[in-house]
Amino acid sequence: MSEKEPYFIATSKRRCLESGMDPDEIPSPKKFMTNEELEEKRRAYGEILSVVSFFSNKLLNSLKGTPILVVISDAEGFLLEIAGDEMIKSTIERFGIKKGSQFTQEDTGTNVISLALQQNHPISLIGDQHYHKTFHQIACYGAALHYTDDNDLLGSVCIMMPIQFENPLFLTMLSQVVDSIERELLLRKQNRKLNIMNQIMLSRTRNGIVITDEKGVTTEFNEFAQQISNRTRESVIGRTIFESELTGKYFKEVIKNEKKYENVEIKFINPSGDPVVCLFDAQPIYEEDKLVGAFGQFRDITDRYFIEEKFNYLAYHDDLTGLPNRRYIQKEIESLIQDNRLGKETKMAILFLDLDRFKIINDTFGHSNGDLLLAEVTKRLVGCLGEKDTLARMGGDEFIFLLRDFDSETYVTEMATKVLKQFNQPFNVTSHEFHTTVSIGVAIYPNNSITLEDFMVYADNAMYKAKSQGKNRYVVYASDMLHNSIEELQLETDLRKALERNEFILHYQPQICNKSGELIGVEALIRWNHPTLGLIYPDKFIGLAEETGLITNIGEWVIEEACAQNKKWIDAGMTPFKVAVNLSTQQFFKLNLVSHVQSVLEQTGLDPQFLVVEITESMAMDFDYSLKVLQQLKGLGIYISIDDFGTGYSSLSYLKSFPIDYLKIDRSFVRDVLKDNHDVNIVKAIITLAHNLGLRVIAEGVETIEQLDFLKKYDCDTIQGYLFSKPISVEQFEQLHPMLLKEIEKIYV
């Protein structure tokens, strides 16, 4: 035993040894309350548990991120409440430590609950101060609870955590919490015993007291209230409490609606300029069931509050990632801005990061997986930090890099490029493989002085510009972006009304069989017929629809409209052909996708063989989910195509396993196929791969005879592009259909 151990710990360990306890064994409680006994005891301790839980929750919140457990016992050592870290809680439950179990030295050896109940002061029990070796990796702090007026022992409040987190400050914090609990319990005990007017010794209480009449006019304002507020009694008595900026709204509810308030945290600056933090209670006063006024009391917690503020690391850090948080980074930037104003020229830039498609991952796979993904993202981002850089999490899926004291602006853009590369490889989270990218807004602090808010707005606008340009890139702020962002806000407002106003239309682009020259399909492509801006193409509004969550409803409309139109063409006597529609990622991961497609087919009467749904490679981010959905879609009898193949996250495993019918070669490869050997090899490889897997290949973006001849040579199955027709409206398609067939026939003669 250590010579530095307090005598009561040393005594306890000696008794354990003398009683023959084996320190290598795992001790467990031997006595447990029945469920009925536990419920009865908790009811008896109802008010005590309420008060203790309130303050212990405040303690847990202030230490959020630290694996800590708060345990509340009665005077006999029976556990009545266990709150805090779930992992620790599940671990101790394996030892039989749960609500209703009793801690005694005879059963569990040297333990913080028994020792806290025995001592008249808070105690700590850390590491090998425990008798049993099982608990040598745990730090515990405990204190007994009393009714302080008669020193009646009520129980204990104890906290425990892994030993690496032990800190003497925890004992101080626990002491303050217990002191607050005992004061609160004492006050409540007194309030139960005395009439409300007789129970309050206005001149002696340590609480600030305010009493009003039934009209809200202040009739009493005690000395402690004067001390807290630094206002004289004479300046308050006789005035309506409703005028008070701090408590007027609460007293109005008390008097007019007989409402009660407990433990409302109020912060203010008193007339002397000092910050004050109080807990405020208020309730009606009755006389023979008639409301005759209101009673309010303040408990000054300023000292405790600012001690916690000073020493609470988490106040400036994000509890999920451990990074500095929004408050921290904004203070850092504000400080640097102030230095610049004072003539200390410090180069500064910020990179504002927003993960692409994170909302889809969060909504589809749950917030717990989303949190784990954010933690993995953080690890990669931290690896980018330079010596003078700071990384913070702004909240959600937003991060910010603060760069300072760099030699040239090249460092800033190189950093942005370095960050983008961190997302080239997928993230592995709980056996799932997630692919995500990031959009980055770059703002470099200008020569002239601007505010923190303006600086952040610059970076934010640049980030949204990166989103609108296709994501997975960085954009450096330019002065015209602010104006453009205002235009985008108006466009978003109009977009929300576009569906109900029937402003969307579909254009159709033919797809031609490369062997027979027959028109075998069309791709349905959405356009927005804006009432004032005219025809708007999808590159201008689809990204906005995704960000606002409107894309799913728009996508469902596209399926409905395309199927209905194709059915009309078939009924009108046209040779039947397939219509292809694009699925957005959000739409693909919506649980009702299959049922919606089935419903549309039934309502329109379109034969399923004449519908093709196009998905992108990124939709295969979760193999099991994607396989299930695609099999269900295939079960409806429709066809499935992979759009823009080769530009996403290709995987041979999903090509082999998924029920896919077509691969669609992205237009970027077709465009330069006659000039770039790399594109030649990519196109040839895609066609060969598809045919070996029994899939058909569609090439889009075909504009010249030379491109067509190349694709014929390598047996590409289907051709789509301006060589035959640009996307055209329904009216144009019907009008030009006979001529289109003749033009196609000429090309293939």
# chains A, B, ... in the order shown; residues from 1 in each chain; ligands from 1
$ select_by_dssp --residues "segment 424-507 of chain A" --states "strand (DSSP E or B)" --output "list of chain:residue names"
A:Phe427, A:Asn428, A:Val429, A:His432, A:Glu433, A:Phe434, A:Thr437, A:Val438, A:Ser439, A:Ile440, A:Gly441, A:Val442, A:Ala443, A:Ile444, A:Tyr474, A:Val475, A:Val476, A:Phe504, A:Ile505, A:Leu506, A:His507
$ residues_around --residues "Ala498 of chain A" --least-positions-apart "5" --cutoff "12 Å" --atoms "only C-alpha atoms" --output "list in words"
Leu491, Glu492, Thr493, Glu503, Phe504, Ile505, Arg527, Trp528, Asn529, His530, Pro531, Ile536, Phe541, Ala545, Leu550, Ile551, Asn553, Ile554 and Trp557 of chain A
$ closest_residue --among "A:Phe588, A:Phe352, A:Phe221, A:Tyr328" --to "Phe298 of chain A" --atoms "only C-alpha atoms"
A:Phe221
$ select_by_dssp --residues "segment 454-636 of chain A" --states "helix (DSSP H, G or I)" --output "ChimeraX atom specification"
/A:454-468,481-498,538-540,542-548,551-571,585-588,593-604,608-610,617-621,623-635
$ closest_residue --among "A:Ile126, A:Met33, A:Ile444, A:Ile211" --to "Pro6 of chain A" --atoms "only C-alpha atoms"
A:Ile126
$ residues_around --residues "Asn362 of chain A" --least-positions-apart "5" --cutoff "12 Å" --atoms "only C-alpha atoms" --output "PDB file with all heavy atoms, in the first residue's frame"
ATOM      1  N   LEU A 355     -18.996  18.545 -47.122  1.00  0.00           N
ATOM      2  CA  LEU A 355     -18.977  17.231 -47.750  1.00  0.00           C
ATOM      3  C   LEU A 355     -20.109  17.113 -48.762  1.00  0.00           C
ATOM      4  O   LEU A 355     -21.225  17.565 -48.509  1.00  0.00           O
ATOM      5  CB  LEU A 355     -19.107  16.123 -46.706  1.00  0.00           C
ATOM      6  CG  LEU A 355     -18.026  16.046 -45.626  1.00  0.00           C
ATOM      7  CD1 LEU A 355     -18.200  14.781 -44.805  1.00  0.00           C
ATOM      8  CD2 LEU A 355     -16.632  16.086 -46.232  1.00  0.00           C
ATOM      9  N   ASP A 356     -19.834  16.489 -49.890  1.00  0.00           N
ATOM     10  CA  ASP A 356     -20.840  16.264 -50.924  1.00  0.00           C
ATOM     11  C   ASP A 356     -21.599  14.972 -50.622  1.00  0.00           C
ATOM     12  O   ASP A 356     -21.008  13.960 -50.266  1.00  0.00           O
ATOM     13  CB  ASP A 356     -20.179  16.145 -52.299  1.00  0.00           C
ATOM     14  CG  ASP A 356     -19.383  17.398 -52.656  1.00  0.00           C
ATOM     15  OD1 ASP A 356     -19.829  18.500 -52.272  1.00  0.00           O
ATOM     16  OD2 ASP A 356     -18.326  17.279 -53.312  1.00  0.00           O
ATOM     17  N   ARG A 357     -22.910  15.023 -50.732  1.00  0.00           N
ATOM     18  CA  ARG A 357     -23.791  13.856 -50.561  1.00  0.00           C
ATOM     19  C   ARG A 357     -23.815  13.323 -49.125  1.00  0.00           C
ATOM     20  O   ARG A 357     -24.305  12.219 -48.883  1.00  0.00           O
ATOM     21  CB  ARG A 357     -23.400  12.708 -51.509  1.00  0.00           C
ATOM     22  CG  ARG A 357     -23.459  13.051 -52.975  1.00  0.00           C
ATOM     23  CD  ARG A 357     -23.334  11.803 -53.844  1.00  0.00           C
ATOM     24  NE  ARG A 357     -22.121  11.059 -53.610  1.00  0.00           N
ATOM     25  CZ  ARG A 357     -20.964  11.303 -54.204  1.00  0.00           C
ATOM     26  NH1 ARG A 357     -20.863  12.279 -55.078  1.00  0.00           N
ATOM     27  NH2 ARG A 357     -19.906  10.573 -53.942  1.00  0.00           N
ATOM     28  N   HIS A 367     -27.556   8.290 -38.349  1.00  0.00           N
ATOM     29  CA  HIS A 367     -26.644   9.302 -37.837  1.00  0.00           C
ATOM     30  C   HIS A 367     -25.417   8.696 -37.161  1.00  0.00           C
ATOM     31  O   HIS A 367     -24.356   9.327 -37.130  1.00  0.00           O
ATOM     32  CB  HIS A 367     -27.384  10.223 -36.850  1.00  0.00           C
ATOM     33  CG  HIS A 367     -28.381  11.119 -37.517  1.00  0.00           C
ATOM     34  ND1 HIS A 367     -28.049  12.349 -38.040  1.00  0.00           N
ATOM     35  CD2 HIS A 367     -29.691  10.949 -37.795  1.00  0.00           C
ATOM     36  CE1 HIS A 367     -29.105  12.907 -38.575  1.00  0.00           C
ATOM     37  NE2 HIS A 367     -30.134  12.075 -38.448  1.00  0.00           N
ATOM     38  N   SER A 368     -25.552   7.489 -36.629  1.00  0.00           N
ATOM     39  CA  SER A 368     -24.385   6.885 -35.982  1.00  0.00           C
ATOM     40  C   SER A 368     -23.299   6.586 -37.015  1.00  0.00           C
ATOM     41  O   SER A 368     -22.117   6.863 -36.796  1.00  0.00           O
ATOM     42  CB  SER A 368     -24.790   5.598 -35.248  1.00  0.00           C
ATOM     43  OG  SER A 368     -25.382   4.677 -36.151  1.00  0.00           O
ATOM     44  N   ASN A 369     -23.702   6.035 -38.174  1.00  0.00           N
ATOM     45  CA  ASN A 369     -22.719   5.812 -39.240  1.00  0.00           C
ATOM     46  C   ASN A 369     -22.216   7.138 -39.797  1.00  0.00           C
ATOM     47  O   ASN A 369     -21.045   7.262 -40.173  1.00  0.00           O
ATOM     48  CB  ASN A 369     -23.340   4.977 -40.368  1.00  0.00           C
ATOM     49  CG  ASN A 369     -23.305   3.488 -40.058  1.00  0.00           C
ATOM     50  OD1 ASN A 369     -22.331   2.981 -39.519  1.00  0.00           O
ATOM     51  ND2 ASN A 369     -24.376   2.786 -40.380  1.00  0.00           N
ATOM     52  N   GLY A 370     -23.115   8.127 -39.865  1.00  0.00           N
ATOM     53  CA  GLY A 370     -22.693   9.451 -40.315  1.00  0.00           C
ATOM     54  C   GLY A 370     -21.635  10.035 -39.404  1.00  0.00           C
ATOM     55  O   GLY A 370     -20.647  10.622 -39.870  1.00  0.00           O
ATOM     56  N   ASP A 371     -21.819   9.857 -38.098  1.00  0.00           N
ATOM     57  CA  ASP A 371     -20.826  10.357 -37.140  1.00  0.00           C
ATOM     58  C   ASP A 371     -19.492   9.638 -37.305  1.00  0.00           C
ATOM     59  O   ASP A 371     -18.421  10.257 -37.226  1.00  0.00           O
ATOM     60  CB  ASP A 371     -21.343  10.185 -35.707  1.00  0.00           C
ATOM     61  CG  ASP A 371     -22.449  11.171 -35.358  1.00  0.00           C
ATOM     62  OD1 ASP A 371     -22.652  12.124 -36.140  1.00  0.00           O
ATOM     63  OD2 ASP A 371     -23.102  10.982 -34.321  1.00  0.00           O
ATOM     64  N   LEU A 372     -19.550   8.331 -37.510  1.00  0.00           N
ATOM     65  CA  LEU A 372     -18.306   7.573 -37.698  1.00  0.00           C
ATOM     66  C   LEU A 372     -17.584   8.013 -38.971  1.00  0.00           C
ATOM     67  O   LEU A 372     -16.353   8.095 -39.002  1.00  0.00           O
ATOM     68  CB  LEU A 372     -18.612   6.075 -37.760  1.00  0.00           C
ATOM     69  CG  LEU A 372     -19.104   5.431 -36.457  1.00  0.00           C
ATOM     70  CD1 LEU A 372     -19.551   3.997 -36.697  1.00  0.00           C
ATOM     71  CD2 LEU A 372     -18.014   5.466 -35.396  1.00  0.00           C
ATOM     72  N   LEU A 373     -18.355   8.310 -40.011  1.00  0.00           N
ATOM     73  CA  LEU A 373     -17.747   8.799 -41.247  1.00  0.00           C
ATOM     74  C   LEU A 373     -17.069  10.143 -41.014  1.00  0.00           C
ATOM     75  O   LEU A 373     -15.945  10.378 -41.491  1.00  0.00           O
ATOM     76  CB  LEU A 373     -18.808   8.920 -42.343  1.00  0.00           C
ATOM     77  CG  LEU A 373     -18.330   9.532 -43.671  1.00  0.00           C
ATOM     78  CD1 LEU A 373     -17.192   8.716 -44.270  1.00  0.00           C
ATOM     79  CD2 LEU A 373     -19.486   9.630 -44.660  1.00  0.00           C
ATOM     80  N   LEU A 374     -17.727  11.028 -40.265  1.00  0.00           N
ATOM     81  CA  LEU A 374     -17.131  12.334 -39.969  1.00  0.00           C
ATOM     82  C   LEU A 374     -15.820  12.170 -39.197  1.00  0.00           C
ATOM     83  O   LEU A 374     -14.866  12.929 -39.415  1.00  0.00           O
ATOM     84  CB  LEU A 374     -18.111  13.192 -39.166  1.00  0.00           C
ATOM     85  CG  LEU A 374     -19.331  13.719 -39.928  1.00  0.00           C
ATOM     86  CD1 LEU A 374     -20.282  14.428 -38.975  1.00  0.00           C
ATOM     87  CD2 LEU A 374     -18.913  14.661 -41.048  1.00  0.00           C
ATOM     88  N   GLY A 396     -22.294  19.895 -38.278  1.00  0.00           N
ATOM     89  CA  GLY A 396     -22.776  19.058 -39.371  1.00  0.00           C
ATOM     90  C   GLY A 396     -21.620  18.476 -40.152  1.00  0.00           C
ATOM     91  O   GLY A 396     -20.698  17.884 -39.591  1.00  0.00           O
ATOM     92  N   ASP A 397     -21.665  18.659 -41.476  1.00  0.00           N
ATOM     93  CA  ASP A 397     -20.594  18.140 -42.332  1.00  0.00           C
ATOM     94  C   ASP A 397     -19.704  19.263 -42.846  1.00  0.00           C
ATOM     95  O   ASP A 397     -19.095  19.145 -43.907  1.00  0.00           O
ATOM     96  CB  ASP A 397     -21.182  17.358 -43.503  1.00  0.00           C
ATOM     97  CG  ASP A 397     -22.076  18.222 -44.391  1.00  0.00           C
ATOM     98  OD1 ASP A 397     -22.501  19.296 -43.935  1.00  0.00           O
ATOM     99  OD2 ASP A 397     -22.352  17.826 -45.540  1.00  0.00           O
ATOM    100  N   PHE A 434     -17.966   3.879 -48.030  1.00  0.00           N
ATOM    101  CA  PHE A 434     -18.619   5.119 -48.415  1.00  0.00           C
ATOM    102  C   PHE A 434     -17.708   5.939 -49.316  1.00  0.00           C
ATOM    103  O   PHE A 434     -16.530   6.131 -49.022  1.00  0.00           O
ATOM    104  CB  PHE A 434     -18.970   5.959 -47.182  1.00  0.00           C
ATOM    105  CG  PHE A 434     -20.018   5.337 -46.311  1.00  0.00           C
ATOM    106  CD1 PHE A 434     -19.720   4.927 -45.015  1.00  0.00           C
ATOM    107  CD2 PHE A 434     -21.302   5.149 -46.782  1.00  0.00           C
ATOM    108  CE1 PHE A 434     -20.682   4.361 -44.208  1.00  0.00           C
ATOM    109  CE2 PHE A 434     -22.276   4.573 -45.983  1.00  0.00           C
ATOM    110  CZ  PHE A 434     -21.970   4.176 -44.699  1.00  0.00           C
ATOM    111  N   THR A 436     -17.366   9.674 -50.793  1.00  0.00           N
ATOM    112  CA  THR A 436     -17.838  11.048 -50.728  1.00  0.00           C
ATOM    113  C   THR A 436     -16.718  11.967 -51.189  1.00  0.00           C
ATOM    114  O   THR A 436     -15.538  11.588 -51.188  1.00  0.00           O
ATOM    115  CB  THR A 436     -18.306  11.429 -49.309  1.00  0.00           C
ATOM    116  OG1 THR A 436     -18.907  12.726 -49.337  1.00  0.00           O
ATOM    117  CG2 THR A 436     -17.136  11.446 -48.323  1.00  0.00           C
ATOM    118  N   GLN A 586     -30.495  10.762 -54.126  1.00  0.00           N
ATOM    119  CA  GLN A 586     -31.485  10.832 -53.048  1.00  0.00           C
ATOM    120  C   GLN A 586     -32.700   9.982 -53.376  1.00  0.00           C
ATOM    121  O   GLN A 586     -33.263   9.311 -52.511  1.00  0.00           O
ATOM    122  CB  GLN A 586     -31.895  12.288 -52.809  1.00  0.00           C
ATOM    123  CG  GLN A 586     -30.791  13.153 -52.237  1.00  0.00           C
ATOM    124  CD  GLN A 586     -31.250  14.567 -51.983  1.00  0.00           C
ATOM    125  OE1 GLN A 586     -32.381  14.814 -51.617  1.00  0.00           O
ATOM    126  NE2 GLN A 586     -30.351  15.531 -52.187  1.00  0.00           N
ATOM    127  N   PHE A 589     -32.034   6.212 -52.900  1.00  0.00           N
ATOM    128  CA  PHE A 589     -31.965   5.759 -51.516  1.00  0.00           C
ATOM    129  C   PHE A 589     -33.246   6.025 -50.733  1.00  0.00           C
ATOM    130  O   PHE A 589     -33.291   5.824 -49.528  1.00  0.00           O
ATOM    131  CB  PHE A 589     -30.762   6.389 -50.806  1.00  0.00           C
ATOM    132  CG  PHE A 589     -29.453   5.777 -51.212  1.00  0.00           C
ATOM    133  CD1 PHE A 589     -28.602   6.449 -52.074  1.00  0.00           C
ATOM    134  CD2 PHE A 589     -29.093   4.527 -50.764  1.00  0.00           C
ATOM    135  CE1 PHE A 589     -27.393   5.880 -52.461  1.00  0.00           C
ATOM    136  CE2 PHE A 589     -27.897   3.944 -51.140  1.00  0.00           C
ATOM    137  CZ  PHE A 589     -27.050   4.624 -51.994  1.00  0.00           C
TER     138      PHE A 589
END
$ residues_around --residues "Val702 of chain A" --least-positions-apart "6" --cutoff "7 Å" --atoms "only C-alpha atoms" --output "PyMOL selection string"
chain A and resi 670+708+719-723
$ write_last_selection --atoms "N, CA, C and O atoms" --output "PDB file, in the first residue's frame"
ATOM      1  N   VAL A 670     -16.165   9.916 -75.325  1.00  0.00           N
ATOM      2  CA  VAL A 670     -16.520   9.885 -76.746  1.00  0.00           C
ATOM      3  C   VAL A 670     -15.998  11.120 -77.462  1.00  0.00           C
ATOM      4  O   VAL A 670     -15.551  11.055 -78.608  1.00  0.00           O
ATOM      5  N   LEU A 708     -18.997   7.909 -84.978  1.00  0.00           N
ATOM      6  CA  LEU A 708     -19.901   6.779 -85.198  1.00  0.00           C
ATOM      7  C   LEU A 708     -19.152   5.596 -85.813  1.00  0.00           C
ATOM      8  O   LEU A 708     -19.331   4.445 -85.389  1.00  0.00           O
ATOM      9  N   ILE A 719     -26.292   4.151 -79.978  1.00  0.00           N
ATOM     10  CA  ILE A 719     -25.696   5.470 -80.176  1.00  0.00           C
ATOM     11  C   ILE A 719     -26.709   6.546 -79.801  1.00  0.00           C
ATOM     12  O   ILE A 719     -27.898   6.452 -80.133  1.00  0.00           O
ATOM     13  N   GLN A 720     -26.209   7.573 -79.133  1.00  0.00           N
ATOM     14  CA  GLN A 720     -27.055   8.704 -78.752  1.00  0.00           C
ATOM     15  C   GLN A 720     -26.235   9.972 -78.913  1.00  0.00           C
ATOM     16  O   GLN A 720     -25.093  10.036 -78.464  1.00  0.00           O
ATOM     17  N   GLY A 721     -26.777  10.991 -79.560  1.00  0.00           N
ATOM     18  CA  GLY A 721     -26.018  12.229 -79.692  1.00  0.00           C
ATOM     19  C   GLY A 721     -26.575  13.152 -80.749  1.00  0.00           C
ATOM     20  O   GLY A 721     -27.535  12.838 -81.466  1.00  0.00           O
ATOM     21  N   TYR A 722     -25.940  14.326 -80.869  1.00  0.00           N
ATOM     22  CA  TYR A 722     -26.399  15.358 -81.798  1.00  0.00           C
ATOM     23  C   TYR A 722     -26.289  14.933 -83.262  1.00  0.00           C
ATOM     24  O   TYR A 722     -26.884  15.554 -84.134  1.00  0.00           O
ATOM     25  N   LEU A 723     -25.501  13.892 -83.548  1.00  0.00           N
ATOM     26  CA  LEU A 723     -25.405  13.407 -84.923  1.00  0.00           C
ATOM     27  C   LEU A 723     -26.798  13.064 -85.459  1.00  0.00           C
ATOM     28  O   LEU A 723     -27.088  13.253 -86.640  1.00  0.00           O
TER      29      LEU A 723
END
$ residues_around --residues "segment 613-615 of chain A" --least-positions-apart "6" --cutoff "10 Å" --atoms "only C-alpha atoms" --output "PyMOL selection string"
chain A and resi 523+559+579-585+588+597+630+633-634+638-645+660+662-664
$ atom_distance --atom1 "atom CA of Thr437 of chain A" --atom2 "atom CA of Gly470 of chain A"
10.7 Å
$ closest_residue --among "A:Gly296, A:Met173, A:Asn230, A:Gly273" --to "Tyr250 of chain A" --atoms "only C-alpha atoms"
A:Gly296
$ residues_around --residues "segment 735-746 of chain A" --least-positions-apart "3" --cutoff "10 Å" --atoms "only C-alpha atoms" --output "list in words"
Pro510, Ile512, Ser516, Gly517, Glu518, Leu519, Met574, Leu723, Phe724, Ser725, Ile728, Ser729, Val730, Glu731, Gln732 and Val749 of chain A
$ closest_residue --among "A:Leu636, A:Val377, A:Cys513, A:Leu145" --to "Asp715 of chain A" --atoms "only C-alpha atoms"
A:Cys513
